[in-house]
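What follows is a set of notes on a single structure, which appears directly below.
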Amino acid sequence: MINGSNFCPRECPAHYEPIIHSIGVVSTVFNVFGIYLTLAKSKKNTNYRFCQLYVQITALITEFDISIVNPAYFFFPMIGGMNCGKMREVQVKFGITSHICITFFTFILCLQVPALLTCFIYRHQVAAKCSPDKTWSLSKFHLYSILFIYHIFPCLIAFSLYHSGLSKDEKNYSMHMNYPGCIHSLDDFTFDFYDYQVNPTFIAFGILISVYYVMAGVIGFGLAWRTGQVLNRYRYIMSARTYQLHKSSLITLTTQVSGPTLVLGIPVFVVYVIVASQMTQLHDLAATAPFFISAHSAVTTSCLIMTTANYKNLFTKNYDNVRKKMKCKRTPTASVMSSPVAVMRPMASVVNTFF
């Protein structure tokens with residue numbers, strides 16, 4: 001039982017909503033720019049741009065939901081929280097609970113995994129076609145099995161989370177037993193929380209999402225390793241341009257996974273430690289986790305731009321043009337009359353004087 005109520009305020013902190021909205025706006029701008037680059041500046045002779053578009057769209061919806069539409073404030077170490085955004089009025093009006101909102105968010109967040117795996121599979125299959133040994137290429141059965149399983153998992157995870165919800169009586173019981181200082185939170189319609197001791201389905205949700213991400217990491221690493229092996233082993237039969245194209249695409253995709261993983265992995269680990277140990281004194285630290293989730297799409301787009309030559313050159317060129325225009329505006333232009341050159345009388349030409 002935790003008696004303190006310092007981690008379950010009656011209202012969201014004044015600084016929370018402006019910060020998460022600001023991060024969300026910046027991330028949205030980055031993501032929209034990434035979608036523009038994917039559609040307008042990618043090579044049209046391949047379908048890889050559609051894989052990248054899949055990644056960009058899922059990332060955009062995820063961060064837009066948590067930072068603009070439903071910016072939730074979590075009451076860690078309690079597994080719960082409330083909505084801080086303008087959607088609170090819509091939720092109350094139409095009876096949309098935060099439980100439904102977080103279930104939708106979880107589905108969209110998990111959908112980013114098959115989007116990234118689709119890109120890894122595409123890069124692997126294209127590289128395998130360059131090798132004379134057809135055993136490197138995945139069969140259609142393995143290909144479609146991986147894609148089907150990893151598109152089913154987000155549905156299963158969202159289904160398990162949805163059935164992890166608590167009834168009104170279960171919420172009252174759990175709150176009185178575990179967090180008596182937070183009883184007032186039950187009066188807020190947008191507040192919701194979970195208790196695996198009351199509803200063990202939440203344990204199934206935790207197991208599913210853990211296995212899902214671990215296996216996705218293993219499969220993604222395996223596909224990247226096999227793609228690198230194909231490129232190194234059959235480099236001698238590829239043109240330099242083809243080899244460099246496959247290599248740069250693989251590096252870009254790897255950074256798109258590594259960057260957001262670091263941004264998300266560290267705060268998620270901190271939250272796990274605080275929830276497991278029930279350290280209420282570190283609540284403020286854990287409550288910043290949504291900031292990092294909101295920023296992960298900007299990190300994804302930044303990795304895409306900085307590791308793709310076309311996008312990087314375009315970005316650098318536009319940045320230089322903007323700087324030049326701003327520099328020209330700041331530089332004062334001297335008038336002709338005030339110029340010392342205009343005031344001076346020119347000396348008579350030697351030729352004119354002679355003639």
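The chains in the structure tokens are called A, B, ... from first to last as shown; in each chain the residues are counted from 1, and the ligands are counted from 1 in the order shown.
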
- [ ] Find the residues near Trp136 in chain A: any atom within 10 Å, counting only C-alpha atoms, skip ones fewer than 5 places away on the same chain, and give them as a PyMOL selection string.
- [x] chain A and resi 124-125+127-131+226-227+229-230

Spatial neighbours of Leu53 in chain A, 9 Å, only C-alpha atoms, chain gap at least 5 places, as number ranges by chain = A: 34-35, 38-39, 48, 58, 115

With all heavy atoms retained, export the selected residues as a CSV table (one decimal), in the first residue's frame.
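The resulting result04.csv:
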```
chain,number,residue,atom,x,y,z
A,34,GLY,N,9.6,14.1,-44.1
A,34,GLY,CA,10.0,12.7,-44.5
A,34,GLY,C,9.1,12.0,-45.5
A,34,GLY,O,9.6,11.4,-46.4
A,35,ILE,N,7.8,12.2,-45.3
A,35,ILE,CA,6.8,11.6,-46.2
A,35,ILE,C,7.0,12.3,-47.6
A,35,ILE,O,6.9,11.6,-48.6
A,35,ILE,CB,5.4,11.8,-45.7
A,35,ILE,CG1,5.2,10.9,-44.4
A,35,ILE,CG2,4.4,11.5,-46.7
A,35,ILE,CD1,3.9,11.1,-43.7
A,38,THR,N,10.0,10.9,-49.2
A,38,THR,CA,9.8,9.5,-49.7
A,38,THR,C,9.0,9.5,-50.9
A,38,THR,O,9.2,8.7,-51.8
A,38,THR,CB,9.1,8.7,-48.5
A,38,THR,OG1,9.9,8.8,-47.4
A,38,THR,CG2,8.9,7.3,-48.9
A,39,LEU,N,8.0,10.3,-51.0
A,39,LEU,CA,7.1,10.3,-52.2
A,39,LEU,C,7.7,11.0,-53.4
A,39,LEU,O,7.6,10.6,-54.6
A,39,LEU,CB,5.7,11.0,-51.9
A,39,LEU,CG,4.8,10.2,-50.9
A,39,LEU,CD1,3.6,11.0,-50.6
A,39,LEU,CD2,4.4,8.9,-51.6
A,48,TYR,N,10.6,0.2,-53.0
A,48,TYR,CA,11.1,0.4,-51.6
A,48,TYR,C,10.5,1.6,-50.9
A,48,TYR,O,10.4,1.7,-49.7
A,48,TYR,CB,12.6,0.4,-51.6
A,48,TYR,CG,13.2,0.5,-50.2
A,48,TYR,CD1,13.0,-0.6,-49.3
A,48,TYR,CD2,13.9,1.6,-49.8
A,48,TYR,CE1,13.6,-0.5,-48.0
A,48,TYR,CE2,14.4,1.7,-48.5
A,48,TYR,CZ,14.3,0.6,-47.6
A,48,TYR,OH,14.8,0.7,-46.3
A,58,THR,N,3.0,5.2,-40.0
A,58,THR,CA,2.7,4.6,-38.7
A,58,THR,C,3.4,5.5,-37.6
A,58,THR,O,2.8,5.7,-36.5
A,58,THR,CB,3.2,3.2,-38.6
A,58,THR,OG1,4.6,3.1,-39.0
A,58,THR,CG2,2.4,2.3,-39.5
A,115,ALA,N,6.1,-2.7,-40.0
A,115,ALA,CA,6.4,-1.7,-41.1
A,115,ALA,C,7.9,-1.8,-41.3
A,115,ALA,O,8.4,-1.8,-42.4
A,115,ALA,CB,6.0,-0.3,-40.7
```

For Gly81 in chain A, the closest of A:Ser145, A:Gln256, A:Asn172, A:Ser185 counting only C-alpha atoms is A:Ser185

Notebook entry, point to check: Where does DSSP see helix (DSSP H, G or I) in range 30-93 of chain A, if you list the residues as an MDAnalysis selection string?
Noted result: chainID A and resid 30:40 48:69 87:93

**OP:** Determine, counting only C-alpha atoms, which protein, DNA and RNA residues have an atom within 6 Å of an atom of Pro77 in chain A; residues of the same chain fewer than 6 positions away are not included. Present the result as a PyMOL selection string.
**Re:** chain A and resi 274-275+278

Can you write just those residues out, N, CA, C and O atoms, as a short mmCIF file (atom, residue, chain, number, x, y, z; two decimals), in the first residue's frame?
```cif
data_model
loop_
_atom_site.label_atom_id
_atom_site.label_comp_id
_atom_site.auth_asym_id
_atom_site.auth_seq_id
_atom_site.Cartn_x
_atom_site.Cartn_y
_atom_site.Cartn_z
N ILE A 274 10.96 1.70 -12.09
CA ILE A 274 10.18 2.48 -11.11
C ILE A 274 8.87 1.78 -10.77
O ILE A 274 8.45 1.76 -9.60
N VAL A 275 8.21 1.20 -11.78
CA VAL A 275 6.95 0.48 -11.53
C VAL A 275 7.21 -0.78 -10.72
O VAL A 275 6.48 -1.09 -9.77
N GLN A 278 8.16 0.32 -7.26
CA GLN A 278 7.19 1.21 -6.64
C GLN A 278 7.87 2.43 -5.97
O GLN A 278 7.51 2.83 -4.87
#
```

Those in range 71-147 of chain A with strand (DSSP E or B) from DSSP, as a list in words:
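Here are the strand (DSSP E or B) residues of range 71-147 of chain A: Ala72, Tyr73, Phe74, Gly80, Gly81, Met82 and Asn83 of chain A.
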
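For the set A:Phe315, A:Phe221, A:Phe291, A:Phe205, the residue with the smallest atom-to-atom gap to Val25 in chain A is A:Phe291, counting only C-alpha atoms.
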
Name the residues in contact with Pro290 in chain A at a cut-off of 12 Å, using only C-alpha atoms, excluding same-chain residues fewer than 5 positions from it; report them as a tab-separated table (two decimals) with N, CA and C atoms, in the first residue's frame.
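For reference, selection.tsv as written:
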```tsv
chain	number	residue	atom	x	y	z
A	16	TYR	N	3.31	20.38	-18.46
A	16	TYR	CA	3.31	19.11	-19.20
A	16	TYR	C	2.73	19.25	-20.61
A	17	GLU	N	1.55	19.82	-20.69
A	17	GLU	CA	0.88	19.89	-22.00
A	17	GLU	C	1.62	20.77	-23.00
A	19	ILE	N	4.80	21.34	-23.25
A	19	ILE	CA	6.03	20.66	-23.68
A	19	ILE	C	5.71	19.54	-24.65
A	20	ILE	N	4.74	18.69	-24.31
A	20	ILE	CA	4.46	17.55	-25.18
A	20	ILE	C	3.83	18.00	-26.49
A	21	HIS	N	3.05	19.10	-26.47
A	21	HIS	CA	2.50	19.65	-27.71
A	21	HIS	C	3.61	20.21	-28.60
A	23	ILE	N	6.81	19.33	-28.65
A	23	ILE	CA	7.56	18.20	-29.22
A	23	ILE	C	6.77	17.55	-30.34
A	24	GLY	N	5.45	17.43	-30.14
A	24	GLY	CA	4.60	16.81	-31.15
A	24	GLY	C	4.56	17.61	-32.44
A	62	THR	N	1.33	7.58	-34.63
A	62	THR	CA	1.66	7.27	-33.23
A	62	THR	C	1.97	8.54	-32.44
A	63	GLU	N	2.91	9.34	-32.96
A	63	GLU	CA	3.30	10.52	-32.20
A	63	GLU	C	2.22	11.60	-32.22
A	64	PHE	N	1.44	11.68	-33.30
A	64	PHE	CA	0.36	12.66	-33.35
A	64	PHE	C	-0.72	12.32	-32.32
A	65	ASP	N	-0.96	11.03	-32.13
A	65	ASP	CA	-1.97	10.60	-31.17
A	65	ASP	C	-1.55	10.93	-29.74
A	66	ILE	N	-0.31	10.61	-29.38
A	66	ILE	CA	0.10	10.76	-27.98
A	66	ILE	C	0.51	12.19	-27.64
A	67	SER	N	0.85	13.01	-28.63
A	67	SER	CA	1.32	14.35	-28.33
A	67	SER	C	0.31	15.45	-28.64
A	68	ILE	N	-0.59	15.21	-29.57
A	68	ILE	CA	-1.55	16.24	-29.97
A	68	ILE	C	-2.97	15.87	-29.55
A	70	ASN	N	-4.25	12.87	-27.77
A	70	ASN	CA	-4.43	12.32	-26.42
A	70	ASN	C	-3.13	12.35	-25.62
A	71	PRO	N	-2.67	13.51	-25.22
A	71	PRO	CA	-1.43	13.56	-24.43
A	71	PRO	C	-1.68	13.08	-23.00
A	72	ALA	N	-1.41	11.83	-22.76
A	72	ALA	CA	-1.71	11.24	-21.44
A	72	ALA	C	-0.61	11.58	-20.43
A	73	TYR	N	-1.04	11.81	-19.19
A	73	TYR	CA	-0.10	12.01	-18.09
A	73	TYR	C	-0.19	10.78	-17.19
A	74	PHE	N	0.92	10.05	-17.07
A	74	PHE	CA	0.91	8.76	-16.38
A	74	PHE	C	1.29	8.93	-14.91
A	75	PHE	N	0.65	8.11	-14.08
A	75	PHE	CA	0.84	8.17	-12.63
A	75	PHE	C	1.82	7.09	-12.15
A	76	PHE	N	2.92	6.92	-12.83
A	76	PHE	CA	3.89	5.90	-12.38
A	76	PHE	C	4.35	6.22	-10.96
A	81	GLY	N	-3.19	6.59	-15.64
A	81	GLY	CA	-3.01	8.01	-15.87
A	81	GLY	C	-4.29	8.63	-16.38
A	105	PHE	N	-3.66	3.44	-29.11
A	105	PHE	CA	-2.27	3.88	-29.18
A	105	PHE	C	-1.31	2.69	-29.19
A	263	VAL	N	16.12	6.01	-28.10
A	263	VAL	CA	15.25	7.07	-27.57
A	263	VAL	C	14.11	6.47	-26.75
A	264	LEU	N	13.58	5.33	-27.20
A	264	LEU	CA	12.46	4.69	-26.50
A	264	LEU	C	12.92	3.72	-25.42
A	267	PRO	N	13.99	5.31	-21.62
A	267	PRO	CA	12.87	5.70	-20.74
A	267	PRO	C	11.95	4.53	-20.38
A	268	VAL	N	11.75	3.59	-21.31
A	268	VAL	CA	10.91	2.43	-21.00
A	268	VAL	C	11.55	1.60	-19.90
A	271	VAL	N	11.02	3.40	-16.61
A	271	VAL	CA	9.64	3.22	-16.15
A	271	VAL	C	9.45	1.82	-15.56
A	284	ASP	N	8.39	11.88	-11.08
A	284	ASP	CA	8.59	12.96	-12.05
A	284	ASP	C	9.50	12.53	-13.20
A	285	LEU	N	10.48	11.69	-12.89
A	285	LEU	CA	11.38	11.19	-13.93
A	285	LEU	C	10.64	10.26	-14.90
A	295	ALA	N	9.00	12.14	-29.50
A	295	ALA	CA	10.15	12.58	-30.30
A	295	ALA	C	10.71	11.49	-31.18
A	296	HIS	N	10.25	10.25	-31.03
A	296	HIS	CA	10.92	9.15	-31.73
A	296	HIS	C	10.75	9.23	-33.25
```

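Counting only C-alpha atoms, the residue from A:Ser164, A:Gln197, A:Met175, A:Tyr150 that sits nearest to Val211 in chain A is A:Tyr150.
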
Quick check, in Å to one decimal: how far apart do CA of Ser258 in chain A and CA of Thr135 in chain A lie?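 Between CA of Ser258 in chain A and CA of Thr135 in chain A the gap works out to 28.4 Å.
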
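In this model, the gap between CA of Ile293 in chain A and CA of Lys86 in chain A comes to 19.5 Å.
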
### Query
In Å, with one decimal, what is the gap from CA of Ser302 in chain A to CA of Phe30 in chain A?
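Here the two named atoms are 7.7 Å from each other.
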
request  = Tell me, as number ranges by chain, which residues lie within 12 Å of Met82 in chain A, counting only C-alpha atoms; anything in the same chain fewer than 4 positions away does not count.
outcome  = A: 7-13, 66, 70-76, 78, 87-88, 91, 97-99, 101-102, 185-193, 287
